[in-house]
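Let me begin by presenting the structure, written as structure tokens, before commenting on it.
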Number of protein chains: 2
Amino acid sequence: MEKTYTYQEIAALPKAFRRNLINCISGFKSLCLVGTADSAGLTNLSLVSSVIHVGANPPLVGMLMRPHVVPRHTIENIETRLHYTLNHVSAEIYQAAHQSSARYPKEVSEFTGTGLTPLFTDKVPAPYVAESPLRIGLRFVERHQIIANQTILIVGEVLELVLPEAAVGEDGFIDLEQTGSLTVSGLDSYHRTERIDRLPYAKYRPEA
Amino acid sequence: MEKTYTYQEIAALPKAFRRNLINCISGFKSLCLVGTADSAGLTNLSLVSSVIHVGANPPLVGMLMRPHVVPRHTIENIETRLHYTLNHVSAEIYQAAHQSSARYPKEVSEFTGTGLTPLFTDKVPAPYVAESPLRIGLRFVERHQIIANQTILIVGEVLELVLPEAAVGEDGFIDLEQTGSLTVSGLDSYHRTERIDRLPYAKYRPEA
């Protein structure tokens, strides 16, 4: 049986129910840890499910953040240091990743709090997560504030990409089941995936 | 063995390889059909993998579109009619959904071309996909153009939400495996999911 929620009914829902419901309707989401450092070098880690592909050439990745809710340090650090990392979350580290969303005091790094290991390269002045199977180093490019609720879209350019060589196909496709990358739904539900199919480029068939 | 791609190496990759590679690095993505209609009532359908949660109160959903590539009609229709629908894609309809990404002539509706069924309610002047298990009707709220590559973020407010009643938990969480919603990676790889875990709200533990 189908259930319909109108705009008015959604507005009248209990807050926690609405939060879960609406966080689920956008579908399955990317699951990444964002690594940053502040001007003193203190590392910060936060879990995001709002990463999106923006473009391949130049290579651009976006993420939406809620500055008035949790990961405020992350935005401050990105705008100060102009660099950050995105790190895919696998089954081995999703519990530690989830724990990074707790409200740590500013002086405590989420790396320390979760037991994940910061990793630096000479390309990006921000910490990667050593345990992550696919790691992206980015340079901050632009931000856009959503007027309706003050969330912020951050767009970055890929400076460096590290992943298991065997997961990259001849055509450049990355097998995210081989990397072990998970997906998330709602606020707290973690999923592995199983590929059904890859389909060829769709063509218009007038006779169809 | 790990492979590193630097910014310069990514820029030097063959175009198709880079397109596949970079489209994969953002992780697993939402898979939705966008339903719109033009001023004459001709329906349009396009497949998007860039839907993100923007906020729960008011209920806001975003999606990023490439106006200079495929789904130009979709943006024109949204800005003309100010309404659109997002429809989750299940295993039953992913092949038809994929086919909707072909370049249909303006006068041919992708509904006709793919065999999917337009469905209207009195709340939203845009077509839903009748075969979709979870359907969202939206009112256009705002747009933001990404300076770096001219893509457009469209934000809409949820006017109506229709889904299987049994998939909604007591806490508002939607079981997207029960709705049958799929996820996509890269440009063309379709996946079902298997839940590993739901975790409770993370708390800071000073002793940890």
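Each chain in the structure tokens gets a letter, A, B and so on, in the order shown; residues start at 1 in every chain, and ligands are counted from 1 in the order they appear.
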Using only C-alpha atoms, determine which residues of chain A fall within 6 Å of chain B; present them as a short mmCIF file (atom, residue, chain, number, x, y, z; two decimals) with C-alpha atoms, in the first residue's frame.
data_model
loop_
_atom_site.label_atom_id
_atom_site.label_comp_id
_atom_site.auth_asym_id
_atom_site.auth_seq_id
_atom_site.Cartn_x
_atom_site.Cartn_y
_atom_site.Cartn_z
CA MET A 1 0.00 0.00 0.00
CA GLU A 2 1.23 3.49 -0.85
CA LYS A 3 1.43 6.35 1.57
CA THR A 4 1.36 10.00 0.48
CA TYR A 5 2.86 12.83 2.50
CA THR A 6 1.85 16.32 1.41
CA TYR A 7 3.91 19.45 2.11
CA PHE A 17 10.63 11.50 12.22
CA ARG A 19 14.61 14.33 9.82
CA ASN A 20 14.91 10.59 9.17
CA LEU A 21 12.26 10.56 6.45
CA ILE A 22 13.60 13.47 4.41
CA CYS A 24 16.24 9.11 3.14
CA SER A 26 17.33 11.54 -1.85
CA GLY A 27 18.35 7.87 -2.20
CA PHE A 28 21.66 6.13 -1.62
CA LYS A 29 24.57 8.43 -0.93
CA SER A 30 28.33 8.59 -1.16
CA ILE A 52 28.66 14.76 -5.73
CA HIS A 53 30.42 14.61 -9.08
CA ALA A 56 35.60 15.43 -15.14
CA GLN A 99 32.18 7.93 15.56
CA ALA A 102 30.45 13.00 17.49
CA ARG A 103 30.97 16.57 18.76
CA TYR A 104 34.63 16.55 19.66
CA LEU A 159 44.98 17.42 -7.09
CA GLU A 160 45.71 13.80 -6.31
CA LEU A 161 43.88 10.47 -6.43
CA VAL A 162 45.12 7.27 -4.77
CA LEU A 163 43.38 3.91 -5.10
CA PRO A 164 44.05 0.18 -5.62
CA GLU A 165 45.47 -0.24 -9.12
CA ASP A 171 38.24 2.18 -19.67
CA GLY A 172 38.94 4.10 -16.45
CA PHE A 173 35.88 2.74 -14.63
CA ILE A 174 36.60 2.15 -10.94
CA THR A 183 27.06 3.64 0.58
CA ASP A 188 22.92 6.18 9.95
CA SER A 189 22.32 3.17 7.67
CA TYR A 190 25.40 1.62 6.04
CA HIS A 191 25.23 -0.65 3.00
CA ARG A 192 27.48 -2.68 0.76
CA THR A 193 26.53 -3.07 -2.87
CA GLU A 194 26.22 -5.77 -5.50
CA ARG A 195 26.50 -4.86 -9.15
CA ILE A 196 23.53 -5.76 -11.33
CA ASP A 197 24.75 -4.50 -14.67
CA ARG A 198 26.79 -2.05 -16.70
CA LEU A 199 24.91 -0.68 -19.68
CA ALA A 202 22.08 4.85 -24.68
CA LYS A 203 21.11 5.73 -28.26
CA TYR A 204 17.85 7.12 -29.63
#
Looking only at strand (DSSP E or B) from DSSP on the backbone, list the matching residues of region 4-203 of chain A as a PyMOL selection string. chain A and resi 4-6+29-30+32-37+43-48+51-56+59-65+83-88+90+118-119+128-129+135-145+152-164+168+174+181+183-185+189-198
If you run DSSP on the backbone, which residues of region 5-141 of chain B are helix (DSSP H, G or I), as number ranges by chain? B: 7-11, 15-25, 72-81, 94-99, 110-114
Export of prior selection with N, CA, C and O atoms as a short mmCIF file (atom, residue, chain, number, x, y, z; two decimals), in the first residue's frame:
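Result file follows (out00.cif):
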data_model
loop_
_atom_site.label_atom_id
_atom_site.label_comp_id
_atom_site.auth_asym_id
_atom_site.auth_seq_id
_atom_site.Cartn_x
_atom_site.Cartn_y
_atom_site.Cartn_z
N TYR B 7 47.34 15.66 -10.45
CA TYR B 7 46.54 16.60 -11.25
C TYR B 7 47.01 16.59 -12.70
O TYR B 7 46.19 16.53 -13.63
N GLN B 8 48.32 16.63 -12.90
CA GLN B 8 48.87 16.66 -14.26
C GLN B 8 48.58 15.34 -14.99
O GLN B 8 48.27 15.34 -16.19
N GLU B 9 48.69 14.23 -14.27
CA GLU B 9 48.41 12.94 -14.90
C GLU B 9 46.93 12.80 -15.28
O GLU B 9 46.60 12.24 -16.32
N ILE B 10 46.06 13.31 -14.42
CA ILE B 10 44.62 13.27 -14.74
C ILE B 10 44.35 14.11 -15.99
O ILE B 10 43.61 13.70 -16.88
N ALA B 11 44.97 15.29 -16.05
CA ALA B 11 44.76 16.17 -17.21
C ALA B 11 45.24 15.53 -18.51
O ALA B 11 44.69 15.80 -19.58
N LYS B 15 40.42 11.22 -22.93
CA LYS B 15 39.17 11.84 -22.46
C LYS B 15 38.17 10.82 -21.88
O LYS B 15 37.61 11.03 -20.81
N ALA B 16 37.95 9.72 -22.60
CA ALA B 16 36.96 8.73 -22.15
C ALA B 16 37.39 8.06 -20.85
O ALA B 16 36.56 7.81 -19.96
N PHE B 17 38.69 7.77 -20.74
CA PHE B 17 39.23 7.16 -19.52
C PHE B 17 39.03 8.12 -18.34
O PHE B 17 38.56 7.73 -17.27
N ARG B 18 39.39 9.39 -18.53
CA ARG B 18 39.24 10.38 -17.46
C ARG B 18 37.77 10.54 -17.06
O ARG B 18 37.44 10.63 -15.88
N ARG B 19 36.90 10.54 -18.05
CA ARG B 19 35.47 10.71 -17.79
C ARG B 19 34.96 9.56 -16.89
O ARG B 19 34.27 9.79 -15.90
N ASN B 20 35.33 8.33 -17.21
CA ASN B 20 34.93 7.20 -16.38
C ASN B 20 35.56 7.28 -14.99
O ASN B 20 34.88 7.12 -13.97
N LEU B 21 36.85 7.54 -14.95
CA LEU B 21 37.58 7.56 -13.68
C LEU B 21 36.99 8.60 -12.72
O LEU B 21 36.64 8.29 -11.57
N ILE B 22 36.87 9.84 -13.21
CA ILE B 22 36.44 10.92 -12.31
C ILE B 22 34.96 10.80 -11.95
O ILE B 22 34.54 11.15 -10.85
N ASN B 23 34.16 10.25 -12.88
CA ASN B 23 32.76 10.02 -12.54
C ASN B 23 32.60 8.98 -11.43
O ASN B 23 31.54 8.90 -10.82
N CYS B 24 33.62 8.15 -11.21
CA CYS B 24 33.53 7.11 -10.18
C CYS B 24 34.00 7.57 -8.80
O CYS B 24 33.59 7.02 -7.79
N ILE B 25 34.89 8.57 -8.74
CA ILE B 25 35.57 8.84 -7.47
C ILE B 25 34.66 9.44 -6.40
O ILE B 25 34.96 9.36 -5.22
N ARG B 72 19.15 19.34 -21.19
CA ARG B 72 18.81 20.75 -21.31
C ARG B 72 17.29 20.97 -21.20
O ARG B 72 16.84 21.90 -20.55
N HIS B 73 16.51 20.10 -21.83
CA HIS B 73 15.06 20.26 -21.77
C HIS B 73 14.57 20.25 -20.32
O HIS B 73 13.63 20.96 -19.97
N THR B 74 15.21 19.44 -19.50
CA THR B 74 14.80 19.33 -18.11
C THR B 74 14.93 20.68 -17.41
O THR B 74 13.98 21.13 -16.74
N ILE B 75 16.06 21.35 -17.56
CA ILE B 75 16.25 22.64 -16.89
C ILE B 75 15.28 23.69 -17.45
O ILE B 75 14.64 24.42 -16.69
N GLU B 76 15.13 23.72 -18.76
CA GLU B 76 14.18 24.66 -19.37
C GLU B 76 12.77 24.44 -18.80
O GLU B 76 12.08 25.40 -18.45
N ASN B 77 12.38 23.19 -18.73
CA ASN B 77 11.04 22.88 -18.23
C ASN B 77 10.88 23.27 -16.76
O ASN B 77 9.83 23.79 -16.35
N ILE B 78 11.90 23.01 -15.96
CA ILE B 78 11.81 23.35 -14.53
C ILE B 78 11.68 24.86 -14.37
O ILE B 78 10.86 25.35 -13.58
N GLU B 79 12.46 25.61 -15.17
CA GLU B 79 12.42 27.06 -15.00
C GLU B 79 11.16 27.68 -15.62
O GLU B 79 10.76 28.77 -15.24
N THR B 80 10.53 26.96 -16.53
CA THR B 80 9.28 27.44 -17.12
C THR B 80 8.07 27.08 -16.24
O THR B 80 7.24 27.93 -15.94
N ARG B 81 8.02 25.84 -15.83
CA ARG B 81 6.84 25.35 -15.10
C ARG B 81 7.04 25.38 -13.58
O ARG B 81 6.09 25.19 -12.82
N TYR B 94 15.44 -0.09 -14.40
CA TYR B 94 16.71 0.61 -14.63
C TYR B 94 17.10 0.61 -16.11
O TYR B 94 17.75 1.55 -16.57
N GLN B 95 16.68 -0.42 -16.86
CA GLN B 95 17.03 -0.43 -18.28
C GLN B 95 16.26 0.66 -19.04
O GLN B 95 16.83 1.37 -19.87
N ALA B 96 14.98 0.78 -18.72
CA ALA B 96 14.19 1.86 -19.33
C ALA B 96 14.73 3.22 -18.89
O ALA B 96 14.81 4.17 -19.69
N ALA B 97 15.10 3.32 -17.62
CA ALA B 97 15.64 4.58 -17.10
C ALA B 97 16.93 4.95 -17.84
O ALA B 97 17.12 6.10 -18.24
N HIS B 98 17.81 3.98 -18.03
CA HIS B 98 19.06 4.22 -18.74
C HIS B 98 18.78 4.69 -20.17
O HIS B 98 19.42 5.62 -20.67
N GLN B 99 17.80 4.07 -20.81
CA GLN B 99 17.46 4.43 -22.19
C GLN B 99 16.98 5.89 -22.28
O GLN B 99 17.15 6.55 -23.31
N GLU B 110 10.45 11.19 -23.64
CA GLU B 110 11.18 10.00 -23.19
C GLU B 110 10.24 8.97 -22.57
O GLU B 110 10.59 7.79 -22.49
N PHE B 111 9.08 9.40 -22.13
CA PHE B 111 8.10 8.42 -21.64
C PHE B 111 7.71 7.47 -22.79
O PHE B 111 7.72 6.25 -22.63
N THR B 112 7.40 8.05 -23.93
CA THR B 112 7.05 7.24 -25.10
C THR B 112 8.24 6.37 -25.50
O THR B 112 8.09 5.17 -25.76
N GLY B 113 9.42 6.98 -25.52
CA GLY B 113 10.61 6.26 -25.98
C GLY B 113 11.01 5.11 -25.09
O GLY B 113 11.63 4.14 -25.56
N THR B 114 10.69 5.18 -23.81
CA THR B 114 11.15 4.14 -22.88
C THR B 114 10.04 3.22 -22.42
O THR B 114 10.32 2.21 -21.78
#
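Going from CA of Ser109 (chain B) over to CA of Val34 (chain B), you cover 12.6 Å.
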Find the spatial neighbours of Leu119 (chain B), counting only C-alpha atoms, within a cut-off of 8 Å - ignore same-chain residues fewer than 2 positions away - and output them as a PyMOL selection string. chain B and resi 117+121+127-130
